[in-house]
$ cat input.cif   # mmCIF, C-alpha atoms
data_upload
#
loop_
_atom_site.label_atom_id
_atom_site.label_comp_id
_atom_site.auth_asym_id
_atom_site.auth_seq_id
_atom_site.Cartn_x
_atom_site.Cartn_y
_atom_site.Cartn_z
CA MET F 24 -88.54 44.49 -91.64
CA ASP F 25 -92.35 44.70 -91.90
CA LYS F 26 -92.14 47.48 -94.48
CA MET F 27 -89.90 45.41 -96.75
CA HIS F 28 -91.86 42.17 -96.13
CA TYR F 29 -88.89 40.34 -94.63
CA PRO F 30 -89.26 37.94 -91.71
CA ARG F 31 -88.77 39.48 -88.26
CA GLY F 32 -85.46 38.86 -86.46
CA LEU F 33 -83.07 39.05 -89.41
CA ILE F 34 -81.50 42.17 -87.92
CA ARG F 35 -80.88 42.00 -84.19
CA TYR F 36 -78.37 42.77 -81.48
CA SER F 37 -76.98 39.29 -81.02
CA THR F 38 -74.11 37.03 -81.94
CA PRO F 39 -74.17 33.98 -84.20
CA ASN F 40 -73.57 31.82 -81.13
CA GLY F 41 -76.45 33.50 -79.30
CA MET F 42 -78.76 32.95 -82.25
CA ARG F 43 -77.73 29.31 -82.58
CA LEU F 44 -78.31 28.65 -78.85
CA LYS F 45 -81.46 30.86 -78.84
CA LEU F 46 -80.19 32.92 -75.88
CA SER F 47 -82.25 35.78 -74.46
CA ALA F 48 -80.70 39.20 -73.77
CA ALA F 49 -80.36 38.39 -70.05
CA ALA F 50 -78.69 35.07 -70.85
CA MET F 51 -76.25 36.87 -73.18
CA VAL F 52 -75.25 39.28 -70.39
CA ARG F 53 -74.78 36.38 -67.94
CA ARG F 54 -72.62 34.61 -70.52
CA VAL F 55 -70.41 37.69 -70.95
CA LEU F 56 -69.99 38.13 -67.19
CA ARG F 57 -68.49 34.68 -66.57
CA PRO F 58 -65.73 34.35 -63.93
CA ARG F 59 -63.02 33.80 -66.55
CA VAL F 60 -63.94 37.02 -68.37
CA LEU F 61 -64.04 38.94 -65.09
CA VAL F 62 -60.61 37.60 -64.05
CA TYR F 63 -59.09 38.52 -67.43
CA THR F 64 -60.62 41.99 -67.20
CA THR F 65 -59.24 42.47 -63.68
CA VAL F 66 -55.75 41.37 -64.75
CA LEU F 67 -55.82 43.68 -67.77
CA LEU F 68 -56.98 46.65 -65.68
CA THR F 69 -54.30 45.95 -63.05
CA ILE F 70 -51.54 45.86 -65.68
CA THR F 71 -52.86 49.05 -67.28
CA GLY F 72 -53.02 50.77 -63.89
CA ALA F 73 -49.45 49.70 -63.06
CA LEU F 74 -48.22 51.01 -66.40
CA LEU F 75 -49.92 54.37 -65.90
CA ALA F 76 -48.59 54.62 -62.33
CA SER F 77 -45.03 53.91 -63.50
CA LEU F 78 -45.34 56.61 -66.17
CA VAL F 79 -46.64 59.17 -63.68
CA MET F 80 -44.06 58.35 -61.00
CA ARG F 81 -40.98 57.99 -63.21
CA THR F 82 -38.03 60.16 -62.32
CA PRO F 83 -36.90 62.72 -64.88
CA PHE F 84 -33.23 61.87 -64.25
CA LYS F 85 -31.04 59.23 -62.62
CA VAL F 86 -27.47 59.27 -61.32
CA ASP F 87 -24.89 56.55 -60.71
CA VAL F 88 -21.67 57.19 -58.74
CA VAL F 89 -18.52 55.22 -59.56
CA ARG F 90 -15.19 55.70 -57.79
CA ASP F 91 -12.18 56.34 -60.02
CA ARG F 92 -10.24 53.12 -60.57
CA GLY F 93 -6.81 54.76 -60.61
CA ALA F 94 -6.24 56.02 -57.07
CA LEU F 95 -8.42 55.86 -54.00
CA ALA F 96 -7.10 59.13 -52.62
CA ARG F 97 -4.25 61.47 -53.52
CA ILE F 98 -2.57 64.53 -52.06
CA VAL F 99 -2.70 67.66 -54.25
CA GLY F 100 -1.94 71.38 -54.09
CA GLN F 101 -1.28 72.62 -50.56
CA GLY F 102 -1.52 69.15 -49.05
CA GLN F 103 -5.23 68.77 -49.64
CA ILE F 104 -6.64 65.27 -50.03
CA GLU F 105 -8.53 64.59 -53.23
CA ASN F 106 -10.85 61.77 -54.30
CA VAL F 107 -12.02 61.37 -57.88
CA TYR F 108 -15.45 60.02 -58.83
CA ARG F 109 -17.34 59.50 -62.07
CA LEU F 110 -21.01 60.40 -62.15
CA GLN F 111 -23.27 59.05 -64.85
CA ILE F 112 -26.17 61.47 -65.21
CA MET F 113 -29.07 60.09 -67.24
CA ASN F 114 -31.63 62.55 -68.60
CA ALA F 115 -35.00 60.82 -69.11
CA THR F 116 -36.78 63.89 -70.48
CA GLU F 117 -37.21 64.95 -74.09
CA LYS F 118 -35.34 68.25 -73.63
CA PRO F 119 -31.71 69.08 -72.84
CA GLN F 120 -31.33 69.71 -69.11
CA GLN F 121 -28.91 71.59 -66.86
CA TYR F 122 -27.97 69.96 -63.54
CA GLN F 123 -26.24 71.48 -60.50
CA LEU F 124 -23.81 69.33 -58.51
CA SER F 125 -22.86 69.73 -54.87
CA VAL F 126 -21.33 67.51 -52.22
CA ASN F 127 -21.80 67.00 -48.49
CA VAL F 128 -19.15 65.06 -46.57
CA SER F 129 -20.35 64.33 -43.04
CA GLY F 130 -17.89 64.97 -40.24
CA MET F 131 -15.47 66.81 -42.52
CA PRO F 132 -15.97 70.58 -42.69
CA GLY F 133 -14.15 72.20 -45.57
CA ALA F 134 -14.66 69.37 -48.04
CA HIS F 135 -15.78 70.83 -51.34
CA LEU F 136 -16.37 70.11 -55.00
CA VAL F 137 -13.46 71.23 -57.20
CA THR F 138 -14.90 70.58 -60.66
CA GLU F 139 -17.52 72.66 -62.47
CA PRO F 140 -20.82 72.35 -60.54
CA SER F 141 -23.01 72.77 -63.62
CA VAL F 142 -23.54 69.94 -66.14
CA GLN F 143 -25.52 69.97 -69.40
CA VAL F 144 -27.05 66.65 -70.57
CA ASP F 145 -28.78 66.25 -73.94
CA ALA F 146 -32.36 65.02 -74.30
CA ALA F 147 -32.87 61.30 -73.57
CA ALA F 148 -29.12 60.81 -73.15
CA SER F 149 -26.59 60.07 -70.45
CA ARG F 150 -23.27 61.69 -69.73
CA TRP F 151 -20.26 60.63 -67.68
CA VAL F 152 -18.76 63.46 -65.63
CA ALA F 153 -15.44 63.30 -63.76
CA VAL F 154 -15.87 64.92 -60.34
CA ARG F 155 -13.07 65.85 -57.95
CA VAL F 156 -13.74 66.38 -54.24
CA GLN F 157 -11.06 67.89 -51.98
CA ALA F 158 -10.79 67.94 -48.21
CA PRO F 159 -8.39 69.78 -45.88
CA ALA F 160 -5.02 68.19 -45.15
CA ASP F 161 -5.83 67.81 -41.44
CA ALA F 162 -8.85 65.54 -42.07
CA SER F 163 -9.10 62.47 -39.88
CA PRO F 164 -8.02 59.26 -41.63
CA GLY F 165 -10.55 56.64 -42.67
CA SER F 166 -13.72 56.45 -44.67
CA HIS F 167 -16.21 59.31 -44.34
CA PRO F 168 -19.81 59.02 -45.57
CA MET F 169 -20.51 61.46 -48.37
CA THR F 170 -23.57 62.49 -50.38
CA PHE F 171 -23.64 63.88 -53.90
CA LEU F 172 -26.60 66.21 -54.41
CA ILE F 173 -27.71 66.58 -58.02
CA GLU F 174 -30.39 69.22 -58.56
CA GLY F 175 -32.37 69.25 -61.78
CA ALA F 176 -33.34 72.53 -63.36
CA ASN F 177 -36.99 73.50 -63.86
CA GLY F 178 -38.12 71.98 -60.57
CA GLN F 179 -37.16 68.40 -61.41
CA GLY F 180 -36.13 67.78 -57.82
CA VAL F 181 -32.94 66.73 -56.08
CA LEU F 182 -31.30 63.32 -56.14
CA ALA F 183 -28.96 62.31 -53.33
CA GLU F 184 -26.42 59.58 -54.14
CA LYS F 185 -24.29 58.15 -51.33
CA SER F 186 -20.59 57.35 -51.53
CA ALA F 187 -17.52 57.49 -49.29
CA PHE F 188 -14.60 59.91 -49.06
CA LEU F 189 -11.36 58.08 -48.26
CA VAL F 190 -8.54 59.70 -46.31
CA PRO F 191 -5.26 57.74 -46.24
CA ARG F 192 -3.53 57.05 -42.92
#

$ encode --input "input.cif" --output "structure tokens"
Amino acid sequence: MDKMHYPRGLIRYSTPNGMRLKLSAAAMVRRVLRPRVLVYTTVLLTITGALLASLVMRTPFKVDVVRDRGALARIVGQGQIENVYRLQIMNATEKPQQYQLSVNVSGMPGAHLVTEPSVQVDAAASRWVAVRVQAPADASPGSHPMTFLIEGANGQGVLAEKSAFLVPR
């Protein structure tokens, strides 16, 4: 400013409001660090942290189990008891994935999955899969707790969805 013969203070690190009120640098910092600004900053950082945490912890796939509406249980083949379920497998990744299905019926040895245990789901899509589970004819009547195990390929983990296997009286 001296070299060009302009008055000092035309170029400065300040705001129009700071120049109008003739605030010093320390007063400007105190004005920026008011409680309202600090609260807004804290809220914004909390929301950003929650968003990042949800992105990091999101599951690569989800599964819903729905019982078939037609029949609760039916007798097939050599007197085996069969229940039919529909699984909705939702792939949340950007690549097609292969999933392995298995079933565990507690208190009922010999219960097994009849349908194809391998399911392919396209990228960012969901697929409904009809699943048949059969148990031996001599199974005790009633409702038996059951768990569908869905294992994702490429180390995506295992999801366990609970349901019930019904045996008629």

$ closest_residue --input "input.cif" --among "F:Asn106, F:Gln101, F:Ser163, F:Asn177" --to "Arg192 in chain F" --atoms "all atoms listed in the file"
F:Ser163

$ closest_residue --input "input.cif" --among "F:Glu117, F:Glu105, F:Glu174, F:Glu139" --to "Val152 in chain F" --atoms "only C-alpha atoms"
F:Glu139

$ closest_residue --input "input.cif" --among "F:Gly72, F:Gly178, F:Pro191, F:Gly133" --to "Gln121 in chain F" --atoms "all atoms listed in the file"
F:Gly178

$ resolve_selection --input "input.cif" --expression "the PyMOL selection byres ((chain F and resi 153) around 8)" --output "PyMOL selection string"
chain F and resi 107-110+138+151-152+154-155

$ write_last_selection --input "input.cif" --atoms "C-alpha atoms" --output "PDB file, in the frame of the given file"
ATOM      1  CA  VAL F 107     -12.020  61.370 -57.880  1.00  0.00           C
ATOM      2  CA  TYR F 108     -15.450  60.020 -58.830  1.00  0.00           C
ATOM      3  CA  ARG F 109     -17.340  59.500 -62.070  1.00  0.00           C
ATOM      4  CA  LEU F 110     -21.010  60.400 -62.150  1.00  0.00           C
ATOM      5  CA  THR F 138     -14.900  70.580 -60.660  1.00  0.00           C
ATOM      6  CA  TRP F 151     -20.260  60.630 -67.680  1.00  0.00           C
ATOM      7  CA  VAL F 152     -18.760  63.460 -65.630  1.00  0.00           C
ATOM      8  CA  VAL F 154     -15.870  64.920 -60.340  1.00  0.00           C
ATOM      9  CA  ARG F 155     -13.070  65.850 -57.950  1.00  0.00           C
TER      10      ARG F 155
END

$ atom_distance --input "input.cif" --atom1 "CA of Tyr36 in chain F" --atom2 "CA of Leu56 in chain F"
17.2 Å

$ resolve_selection --input "input.cif" --expression "the PyMOL selection byres ((chain F and resi 159) around 12)" --output "PyMOL selection string"
chain F and resi 98-106+128+131-135+156-158+160-164+190

$ residues_near_point --input "input.cif" --point "(-31.5, 59.5, -68.8)" --cutoff "8 Å" --atoms "all atoms listed in the file" --output "list in words"
Pro83, Phe84, Lys85, Ile112, Met113, Asn114, Ala115, Thr116, Ala146, Ala147, Ala148 and Ser149 of chain F

$ atom_distance --input "input.cif" --atom1 "CA of Gln179 in chain F" --atom2 "CA of Gly130 in chain F"
28.8 Å
